[in-house]
There are 4 protein chains.
Amino acid sequence: MVKVAVVGASGYTGVELIRLLLAHPGVDVTCVTSRQNAGEKIAAVFPSLLGRIDLACDPVEPALIAVKADFVFTALPHQSAMEVVPELLAAGRKVVDLSADYRLREVAVYEAWYARHTSANLLAEAVYGLPELYRSQVAGARLVANPGCYPTSVALALAPLLRAGLIDPATLIIDSKSGTSGAGRSAKVDSLFCEVNEGFKAYGVASHRHTPEIEQTLTDLAGEKVIVNFTPHLLPVNRGIFSTCYATLMVEKSTLELVETFQQHYSGETFVRVHPAGSLPNVAFVRGSNFCDLGVVSDPRTGRVIVVSTIDNLVKGAAGQAVQNMNLMLGFEESAGLMALPVFP
Amino acid sequence: MVKVAVVGASGYTGVELIRLLLAHPGVDVTCVTSRQNAGEKIAAVFPSLLGRIDLACDPVEPALIAVKADFVFTALPHQSAMEVVPELLAAGRKVVDLSADYRLREVAVYEAWYARHTSANLLAEAVYGLPELYRSQVAGARLVANPGCYPTSVALALAPLLRAGLIDPATLIIDSKSGTSGAGRSAKVDSLFCEVNEGFKAYGVASHRHTPEIEQTLTDLAGEKVIVNFTPHLLPVNRGIFSTCYATLMVEKSTLELVETFQQHYSGETFVRVHPAGSLPNVAFVRGSNFCDLGVVSDPRTGRVIVVSTIDNLVKGAAGQAVQNMNLMLGFEESAGLMALPVFP
Amino acid sequence: MVKVAVVGASGYTGVELIRLLLAHPGVDVTCVTSRQNAGEKIAAVFPSLLGRIDLACDPVEPALIAVKADFVFTALPHQSAMEVVPELLAAGRKVVDLSADYRLREVAVYEAWYARHTSANLLAEAVYGLPELYRSQVAGARLVANPGCYPTSVALALAPLLRAGLIDPATLIIDSKSGTSGAGRSAKVDSLFCEVNEGFKAYGVASHRHTPEIEQTLTDLAGEKVIVNFTPHLLPVNRGIFSTCYATLMVEKSTLELVETFQQHYSGETFVRVHPAGSLPNVAFVRGSNFCDLGVVSDPRTGRVIVVSTIDNLVKGAAGQAVQNMNLMLGFEESAGLMALPVFP
Amino acid sequence: MVKVAVVGASGYTGVELIRLLLAHPGVDVTCVTSRQNAGEKIAAVFPSLLGRIDLACDPVEPALIAVKADFVFTALPHQSAMEVVPELLAAGRKVVDLSADYRLREVAVYEAWYARHTSANLLAEAVYGLPELYRSQVAGARLVANPGCYPTSVALALAPLLRAGLIDPATLIIDSKSGTSGAGRSAKVDSLFCEVNEGFKAYGVASHRHTPEIEQTLTDLAGEKVIVNFTPHLLPVNRGIFSTCYATLMVEKSTLELVETFQQHYSGETFVRVHPAGSLPNVAFVRGSNFCDLGVVSDPRTGRVIVVSTIDNLVKGAAGQAVQNMNLMLGFEESAGLMALPVFP
């Protein structure tokens, strides 16, 4: 059994990592950390864990973590992650970092959209952990940058079309909707029940920080510089991301032809499910699972294709994908601990 | 006091009409009809009305309705409306029809997207009841076709840009999200709480019946034939429509300039509120009210403009707009009975 | 027009007071205050108010408030209210205080359940503002203590039975459920969307501060000391209180007989609606309105009666009842500004 | 691998059974049936299952089912279950029946609360499948009547107190709240999203059919005839039952003492978790899991004890408990396939 640590265990991604790792046949959770809950039992912070884990939260000290665990998940806010990751690597630990700190290859882009980077030297080495696109690199990495939730949903939606050159990348418009757990567990008026429930809004319009991350991957896929409109919205649900992607087709294709393209593209993938023509995904059908569900429709009236994509933002959009990356890095079966079906309803 | 009838009172639009009309200073609700609840007290069907209205539901018989009321709201499904509207007009009654039956000017378009039309002769006379665009025609009409909820949110969002020629109509993409009351009150598995709650999906992609209605109005505004991508989604909230509209700007404009264009365009309108730059609408901020809230953002990276628009689908998207039309048709103050503020939270 | 102030305008009760007062025919809102949003436009804090009120938030200074307004609503947390109310009264202003500070007649009880009282001298004068029970005293008061949301729902549920001596007060068990706006608008993890949504819990079991307030009123009604079990729960809805009350009947009564007792008891009341036998209230049917809906069932198997009671916690449970009290204190029609129907769905 | 059938697969309990059984190490799902979806792929009915099960729905024919499977779960409405269970038993199959048809030992009680019973001869043999109370009988049964959701939550809440004689059974009041999946997946107006969302109501007051089932088990536990008040309410959440139980203590006990009683009582049980004093359950903390979480509080002011109990109605309240029973009947580890942690948030 590999000893693993969850750094930043008192957030929603943290508790989801623990949930998944406790069901994993090859690892033991031996360390959980939390700044604000240091000293408290993690099962007191999240009673969903009651009776199944007895650990108390350690403070966020890399030296201590490296003693207690061989493999580390860092589920910290950006900027905080870069304060601990270099030391963990130096101590010989493998790391999946769930923050944004190591996702962008160019330090200038990171600093334009986020803040100053204090370990930019690691950017060249960090592997962007979207296994369906970068599987072999992930397997050999010691530092994996776990993708953002929105970028995961978008990259998987558009990969078949961009790889095959079927759409004009200059026409890409991405309208995404996220469940509220994506906003984290910190106490903010904007995340209060009464502010979110029975509401719906756009935010970060033309300015959201996931934009350069999306563009970096789509540029890889297209083989040319891609710039997109990306508009996130806040959904009054706990979990789920839904992205509706629009692009102009370069050649006429029917819905049936496009569905077949998608099914072939993802035929070997465990976690990507392509809906048959006439059926479309719903965030409810992936809840709690590591699936990404895709649907595609051709609109002959406008010559555009519409791809809809849905994931559970805490699983395939965060903790589940992180475990998938760990599986690759440690030589486990890629799907180990991740085969639970969606919880519906 | 004008005597008014609500035909189709046992649906969500019906009960909303009653709610608004009972608060109106110039009318009396003297007749409510319902096929499935005929004979029942309407306050037993909707206990929200308890103690404030004592009427029982009549069957849907035009002759009876014409005896009991001088002005009629028909809140029936499409196809059902055209079975009663001609007779009501023939009896000298003014009608606001909330179905789709008289919204499309061309019978061929109606029949392509809906079904056979049995009173196509009325299409030339029917006025499309979006007061902010067609106010003077509404005032003189005896038959007003009350706009669909999605089309209302879209037309008000794009009117300032299309009228001013600021966007390329060929690039229009409209991503809309609707609360579940838009699906009506009939018993369908797809509308069950457990199917909708904690879910989110697209539906009618590239095929929704509101598409030709949207295009008809945008074509009027642009002065040229407009074809759009329109994608509706189902939101797990009771009320609210949110439309995110994308188009390529013909000339560079900053967000501030665009906000000013919108504010000038709507400066005399009671029910359209333009958010200042940096603030954006939320369906929660219009709930229960007749407001349409708009926000606009320019994206210099892509040269596109994003307009977000929100209404309460049962008020400005249905019953409220219907009362606004009635006010114009009967010479009341346009805002009579419609000034209630949004219920937040 | 009477000039009124809303002190503590940036909470949910504050914005609800503004919503109701802007619809009131006899008053002008001339002052709104907020500690944390001082200087900001209240319509920027709550965009639901956009276009209908242009006031900026004043700091919470009694002298300033007394200059700007003749009548004051204090919607502050307990302890904060008693810091401003005495000065407002001294300046000759009438006050409806929505905190708990003046609700309990005995200072010892207040200090046992809350904290030290700094203006206990006002307790004798303050009138408990439940108009259906204390109407005449309210009309003559200069300081009204607006009841808590739970106590309102409970007192109206049990008054007909206690006044008529039909139940044994020693057997009273009250199981209440409240929408989340009752927890206020301050940023707390426990009130986050993801903590409340799809959840349900009890809190304050056998220790909630509304217990002595409930017991004070029930003691008045029973004419003997009443002690109850009161258990509040948190409902994943924005608005609404639902209380299920159990007691042993002193004499056998059928459901029909009990419904008749309730209907007679409340026959003259505008805001209390008694459901006919076989129909029961739902929080959805009072949303946004000042109604209290009641239902009653006799259980011959156990000899107990069950009364269910529902209000909108922000209206009849706070702001609406406060306006009702103001109407009595200023000689307006008691229902002025309060006749809006529930917003359903 | 044991071949199992899910009869009535197109309901919420059916899909939950499939979800759990696909994760079970010792069984294969070889047959699913549905009247209304016969011939359809079950993964088309529930896209949450996409890619993991390829079966089409068979009609509900016992002979066919008995050929395809060795063990059968019947998840049918009451009355429908008794039409197939006798034949399945006659064919030598073991059955867990999730309907109410075999839960009540006395045919007269069944017929008073439900309808005529056509296989009353099986009542003596059927074992009430609450493993924590009747484990050894379940292990030897060929027909297990899976308990109702409410009765499960109540029996586990009260067993420690009744067995120890700590409360007066004549004072029992049970106030329960259920998520909406408990109402099933049939198309009814009352279960529509807009009717349930933002609502809360009581139903079946003093008349709910789970009352005699609750009383039967509590009578077993108390060793004397128990009659209770049981009031169910409808919660606007998908999953979860929460029962708040009140009773008068026979002897003074502190909260700490009572918590210890509960912890000792359930010390060997995998699926019952007793919260420490000061902490209380929340339906959100059991979602998707087979846990029953309990909390207990003593109220010295009234001499009563309050026990709160929560389960996921589709897991411990239905499908999970059914699998737990199957595990006992087939000699598997009792917790096989049931150890998934709750999905929070």
# chains A, B, ... in the order shown; residues from 1 in each chain; ligands from 1
>>> residues_around(residues="C:Ala247", least_positions_apart="6", cutoff="8 Å", atoms="only C-alpha atoms", output="ChimeraX atom specification")
/C:167-169,171-173,304-306
>>> closest_atom_pairs(of="stretch 137-166 of chain C", to="stretch 255-270 of chain C", cutoff="12 Å", atoms="only C-alpha atoms", output="CSV")
residue,atom,partner,partner_atom,distance
C:Leu156,CA,C:Tyr266,CA,9.5
C:Ala157,CA,C:Phe262,CA,9.0
C:Leu158,CA,C:Phe262,CA,9.5
C:Ala159,CA,C:His265,CA,8.6
C:Pro160,CA,C:Phe262,CA,5.9
C:Leu161,CA,C:Phe262,CA,8.1
C:Leu162,CA,C:Phe262,CA,11.3
C:Arg163,CA,C:His265,CA,9.5
C:Ala164,CA,C:Thr261,CA,8.9
C:Gly165,CA,C:Thr261,CA,11.7
C:Leu166,CA,C:Leu258,CA,9.5
>>> closest_atom_pairs(of="chain A", to="chain B", cutoff="6 Å", atoms="only C-alpha atoms", output="Markdown table")
| residue | atom | partner | partner_atom | distance |
| --- | --- | --- | --- | --- |
| A:Cys194 | CA | B:Pro345 | CA | 5.9 |
| A:Glu198 | CA | B:Val237 | CA | 4.9 |
| A:Gly199 | CA | B:Ala284 | CA | 4.5 |
| A:Phe200 | CA | B:Asn282 | CA | 5.4 |
| A:Lys201 | CA | B:Asn282 | CA | 4.6 |
| A:Ala206 | CA | B:Asp299 | CA | 5.7 |
| A:Val237 | CA | B:Glu198 | CA | 4.9 |
| A:Asn282 | CA | B:Lys201 | CA | 4.6 |
| A:Val283 | CA | B:Gly199 | CA | 5.3 |
| A:Ala284 | CA | B:Gly199 | CA | 4.5 |
| A:Asp299 | CA | B:Ala206 | CA | 5.7 |
| A:Pro345 | CA | B:Cys194 | CA | 5.9 |
>>> write_last_selection(atoms="all heavy atoms", output="PDB file, in the first residue's frame")
ATOM      1  N   CYS A 194     -28.668  31.487  -0.004  1.00  0.00           N
ATOM      2  CA  CYS A 194     -29.736  32.367  -0.495  1.00  0.00           C
ATOM      3  C   CYS A 194     -29.297  33.246  -1.658  1.00  0.00           C
ATOM      4  O   CYS A 194     -30.135  33.825  -2.346  1.00  0.00           O
ATOM      5  CB  CYS A 194     -30.269  33.248   0.634  1.00  0.00           C
ATOM      6  SG  CYS A 194     -31.217  32.330   1.844  1.00  0.00           S
ATOM      7  N   GLU A 198     -31.996  29.388  -6.591  1.00  0.00           N
ATOM      8  CA  GLU A 198     -32.984  30.099  -7.413  1.00  0.00           C
ATOM      9  C   GLU A 198     -32.357  31.264  -8.172  1.00  0.00           C
ATOM     10  O   GLU A 198     -33.052  32.188  -8.584  1.00  0.00           O
ATOM     11  CB  GLU A 198     -34.164  30.591  -6.567  1.00  0.00           C
ATOM     12  CG  GLU A 198     -35.008  29.461  -5.995  1.00  0.00           C
ATOM     13  CD  GLU A 198     -35.698  28.650  -7.090  1.00  0.00           C
ATOM     14  OE1 GLU A 198     -36.666  29.135  -7.688  1.00  0.00           O
ATOM     15  OE2 GLU A 198     -35.217  27.522  -7.338  1.00  0.00           O
ATOM     16  N   GLY A 199     -31.038  31.224  -8.355  1.00  0.00           N
ATOM     17  CA  GLY A 199     -30.355  32.250  -9.121  1.00  0.00           C
ATOM     18  C   GLY A 199     -29.561  31.640 -10.262  1.00  0.00           C
ATOM     19  O   GLY A 199     -29.402  30.410 -10.351  1.00  0.00           O
ATOM     20  N   PHE A 200     -29.070  32.482 -11.131  1.00  0.00           N
ATOM     21  CA  PHE A 200     -28.182  32.063 -12.217  1.00  0.00           C
ATOM     22  C   PHE A 200     -27.554  33.329 -12.762  1.00  0.00           C
ATOM     23  O   PHE A 200     -28.236  34.327 -12.995  1.00  0.00           O
ATOM     24  CB  PHE A 200     -28.955  31.332 -13.328  1.00  0.00           C
ATOM     25  CG  PHE A 200     -28.050  30.763 -14.397  1.00  0.00           C
ATOM     26  CD1 PHE A 200     -27.325  29.609 -14.158  1.00  0.00           C
ATOM     27  CD2 PHE A 200     -27.905  31.401 -15.628  1.00  0.00           C
ATOM     28  CE1 PHE A 200     -26.471  29.085 -15.138  1.00  0.00           C
ATOM     29  CE2 PHE A 200     -27.065  30.879 -16.601  1.00  0.00           C
ATOM     30  CZ  PHE A 200     -26.347  29.723 -16.352  1.00  0.00           C
ATOM     31  N   LYS A 201     -26.239  33.293 -12.931  1.00  0.00           N
ATOM     32  CA  LYS A 201     -25.538  34.485 -13.392  1.00  0.00           C
ATOM     33  C   LYS A 201     -24.293  34.091 -14.163  1.00  0.00           C
ATOM     34  O   LYS A 201     -23.774  32.982 -14.005  1.00  0.00           O
ATOM     35  CB  LYS A 201     -25.151  35.359 -12.197  1.00  0.00           C
ATOM     36  CG  LYS A 201     -24.116  34.712 -11.287  1.00  0.00           C
ATOM     37  CD  LYS A 201     -23.601  35.663 -10.201  1.00  0.00           C
ATOM     38  CE  LYS A 201     -22.558  34.974  -9.327  1.00  0.00           C
ATOM     39  NZ  LYS A 201     -22.068  35.853  -8.243  1.00  0.00           N
ATOM     40  N   ALA A 206     -15.283  37.331 -20.239  1.00  0.00           N
ATOM     41  CA  ALA A 206     -14.126  37.808 -21.005  1.00  0.00           C
ATOM     42  C   ALA A 206     -12.888  38.012 -20.132  1.00  0.00           C
ATOM     43  O   ALA A 206     -11.942  38.675 -20.551  1.00  0.00           O
ATOM     44  CB  ALA A 206     -14.465  39.091 -21.770  1.00  0.00           C
ATOM     45  N   VAL A 237     -26.483  24.155  -8.355  1.00  0.00           N
ATOM     46  CA  VAL A 237     -26.356  22.726  -8.029  1.00  0.00           C
ATOM     47  C   VAL A 237     -25.026  22.583  -7.294  1.00  0.00           C
ATOM     48  O   VAL A 237     -24.142  23.425  -7.427  1.00  0.00           O
ATOM     49  CB  VAL A 237     -26.364  21.817  -9.282  1.00  0.00           C
ATOM     50  CG1 VAL A 237     -27.633  22.026 -10.111  1.00  0.00           C
ATOM     51  CG2 VAL A 237     -25.133  22.032 -10.146  1.00  0.00           C
ATOM     52  N   ASN A 282     -26.410  15.228 -19.321  1.00  0.00           N
ATOM     53  CA  ASN A 282     -27.013  16.008 -18.252  1.00  0.00           C
ATOM     54  C   ASN A 282     -26.036  15.891 -17.081  1.00  0.00           C
ATOM     55  O   ASN A 282     -25.519  14.797 -16.818  1.00  0.00           O
ATOM     56  CB  ASN A 282     -28.378  15.386 -17.891  1.00  0.00           C
ATOM     57  CG  ASN A 282     -29.150  16.172 -16.850  1.00  0.00           C
ATOM     58  OD1 ASN A 282     -28.563  16.737 -15.926  1.00  0.00           O
ATOM     59  ND2 ASN A 282     -30.465  16.210 -16.982  1.00  0.00           N
ATOM     60  N   VAL A 283     -25.781  16.994 -16.383  1.00  0.00           N
ATOM     61  CA  VAL A 283     -24.831  16.898 -15.264  1.00  0.00           C
ATOM     62  C   VAL A 283     -25.285  15.848 -14.248  1.00  0.00           C
ATOM     63  O   VAL A 283     -24.464  15.239 -13.567  1.00  0.00           O
ATOM     64  CB  VAL A 283     -24.591  18.253 -14.539  1.00  0.00           C
ATOM     65  CG1 VAL A 283     -23.984  19.287 -15.471  1.00  0.00           C
ATOM     66  CG2 VAL A 283     -25.851  18.786 -13.909  1.00  0.00           C
ATOM     67  N   ALA A 284     -26.590  15.608 -14.169  1.00  0.00           N
ATOM     68  CA  ALA A 284     -27.111  14.634 -13.206  1.00  0.00           C
ATOM     69  C   ALA A 284     -26.634  13.217 -13.494  1.00  0.00           C
ATOM     70  O   ALA A 284     -26.577  12.383 -12.598  1.00  0.00           O
ATOM     71  CB  ALA A 284     -28.643  14.665 -13.210  1.00  0.00           C
ATOM     72  N   ASP A 299     -25.712  21.676 -37.044  1.00  0.00           N
ATOM     73  CA  ASP A 299     -26.816  22.551 -37.435  1.00  0.00           C
ATOM     74  C   ASP A 299     -26.632  22.983 -38.887  1.00  0.00           C
ATOM     75  O   ASP A 299     -25.907  23.935 -39.179  1.00  0.00           O
ATOM     76  CB  ASP A 299     -26.877  23.784 -36.527  1.00  0.00           C
ATOM     77  CG  ASP A 299     -28.091  24.646 -36.839  1.00  0.00           C
ATOM     78  OD1 ASP A 299     -28.838  24.312 -37.797  1.00  0.00           O
ATOM     79  OD2 ASP A 299     -28.307  25.648 -36.148  1.00  0.00           O
ATOM     80  N   PRO A 345     -30.991   9.335  -8.834  1.00  0.00           N
ATOM     81  CA  PRO A 345     -31.026  10.791  -8.783  1.00  0.00           C
ATOM     82  C   PRO A 345     -30.284  11.307  -7.548  1.00  0.00           C
ATOM     83  O   PRO A 345     -29.958  10.522  -6.676  1.00  0.00           O
ATOM     84  CB  PRO A 345     -32.515  11.085  -8.641  1.00  0.00           C
ATOM     85  CG  PRO A 345     -33.040   9.917  -7.878  1.00  0.00           C
ATOM     86  CD  PRO A 345     -32.221   8.730  -8.293  1.00  0.00           C
TER      87      PRO A 345
END
>>> select_by_dssp(residues="stretch 205-289 of chain D", states="helix (DSSP H, G or I)", output="ChimeraX atom specification")
/D:210-222,255-265,283-285
>>> residues_around(residues="D:Glu334", least_positions_apart="2", cutoff="12 Å", atoms="only C-alpha atoms", output="PyMOL selection string")
chain D and resi 24+26+131-132+135-136+138-139+269-271+290+320-332+336-339
>>> select_by_dssp(residues="stretch 109-327 of chain D", states="strand (DSSP E or B)", output="JSON, numbers by chain")
{"D": [127, 128, 143, 144, 145, 167, 173, 174, 175, 176, 177, 178, 192, 201, 202, 229, 230, 231, 232, 233, 234, 241, 242, 243, 244, 245, 246, 247, 248, 249, 272, 273, 274, 282, 292, 293, 294, 295, 296, 297, 298, 299, 304, 305, 306, 307, 308, 309, 310, 311]}
>>> decode(residues="stretch 180-203 of chain A", atoms="N, CA, C and O atoms", output="short mmCIF file (atom, residue, chain, number, x, y, z; two decimals), in the first residue's frame")
data_model
loop_
_atom_site.label_atom_id
_atom_site.label_comp_id
_atom_site.auth_asym_id
_atom_site.auth_seq_id
_atom_site.Cartn_x
_atom_site.Cartn_y
_atom_site.Cartn_z
N THR A 180 -21.80 24.96 -7.74
CA THR A 180 -21.27 25.92 -6.79
C THR A 180 -20.08 25.39 -6.00
O THR A 180 -19.30 26.18 -5.45
N SER A 181 -19.89 24.09 -5.93
CA SER A 181 -18.71 23.60 -5.21
C SER A 181 -17.43 24.09 -5.88
O SER A 181 -16.38 24.17 -5.24
N GLY A 182 -17.52 24.45 -7.15
CA GLY A 182 -16.36 25.03 -7.83
C GLY A 182 -15.88 26.33 -7.22
O GLY A 182 -14.72 26.72 -7.39
N ALA A 183 -16.75 26.99 -6.48
CA ALA A 183 -16.35 28.25 -5.83
C ALA A 183 -15.65 28.02 -4.50
O ALA A 183 -15.24 28.97 -3.83
N GLY A 184 -15.52 26.76 -4.10
CA GLY A 184 -14.79 26.47 -2.88
C GLY A 184 -15.62 26.58 -1.62
O GLY A 184 -16.81 26.90 -1.67
N ARG A 185 -14.94 26.32 -0.51
CA ARG A 185 -15.64 26.23 0.78
C ARG A 185 -15.34 27.40 1.70
O ARG A 185 -15.63 27.36 2.88
N SER A 186 -14.79 28.48 1.14
CA SER A 186 -14.52 29.61 2.02
C SER A 186 -15.79 30.44 2.18
O SER A 186 -16.66 30.47 1.31
N ALA A 187 -15.89 31.09 3.31
CA ALA A 187 -17.10 31.81 3.68
C ALA A 187 -17.15 33.15 2.95
O ALA A 187 -16.46 34.09 3.31
N LYS A 188 -17.98 33.20 1.89
CA LYS A 188 -18.16 34.43 1.13
C LYS A 188 -19.65 34.65 0.92
O LYS A 188 -20.40 33.70 0.68
N VAL A 189 -20.08 35.91 1.01
CA VAL A 189 -21.50 36.21 0.80
C VAL A 189 -21.98 35.67 -0.54
O VAL A 189 -23.07 35.10 -0.64
N ASP A 190 -21.17 35.81 -1.58
CA ASP A 190 -21.60 35.38 -2.92
C ASP A 190 -21.89 33.88 -3.01
O ASP A 190 -22.56 33.44 -3.95
N SER A 191 -21.34 33.10 -2.09
CA SER A 191 -21.56 31.66 -2.13
C SER A 191 -22.62 31.19 -1.15
O SER A 191 -22.85 30.00 -1.00
N LEU A 192 -23.27 32.13 -0.47
CA LEU A 192 -24.31 31.74 0.48
C LEU A 192 -25.48 31.07 -0.24
O LEU A 192 -25.78 31.39 -1.40
N PHE A 193 -26.14 30.19 0.46
CA PHE A 193 -27.28 29.48 -0.13
C PHE A 193 -28.27 30.45 -0.76
O PHE A 193 -28.68 30.28 -1.91
N CYS A 194 -28.67 31.49 0.00
CA CYS A 194 -29.74 32.37 -0.50
C CYS A 194 -29.30 33.25 -1.66
O CYS A 194 -30.13 33.82 -2.35
N GLU A 195 -28.00 33.37 -1.87
CA GLU A 195 -27.51 34.15 -3.02
C GLU A 195 -27.47 33.30 -4.28
O GLU A 195 -27.54 33.82 -5.40
N VAL A 196 -27.27 32.00 -4.11
CA VAL A 196 -27.06 31.10 -5.26
C VAL A 196 -28.35 30.39 -5.65
O VAL A 196 -28.67 30.27 -6.83
N ASN A 197 -29.07 29.92 -4.65
CA ASN A 197 -30.29 29.15 -4.88
C ASN A 197 -31.30 30.00 -5.64
O ASN A 197 -31.47 31.19 -5.35
N GLU A 198 -32.00 29.39 -6.59
CA GLU A 198 -32.98 30.10 -7.41
C GLU A 198 -32.36 31.26 -8.17
O GLU A 198 -33.05 32.19 -8.58
N GLY A 199 -31.04 31.22 -8.35
CA GLY A 199 -30.35 32.25 -9.12
C GLY A 199 -29.56 31.64 -10.26
O GLY A 199 -29.40 30.41 -10.35
N PHE A 200 -29.07 32.48 -11.13
CA PHE A 200 -28.18 32.06 -12.22
C PHE A 200 -27.55 33.33 -12.76
O PHE A 200 -28.24 34.33 -13.00
N LYS A 201 -26.24 33.29 -12.93
CA LYS A 201 -25.54 34.48 -13.39
C LYS A 201 -24.29 34.09 -14.16
O LYS A 201 -23.77 32.98 -14.01
N ALA A 202 -23.81 34.99 -14.99
CA ALA A 202 -22.49 34.87 -15.59
C ALA A 202 -21.49 35.57 -14.69
O ALA A 202 -21.84 36.46 -13.93
N TYR A 203 -20.23 35.16 -14.76
CA TYR A 203 -19.20 35.87 -13.99
C TYR A 203 -17.88 35.74 -14.75
O TYR A 203 -17.72 34.86 -15.59
#
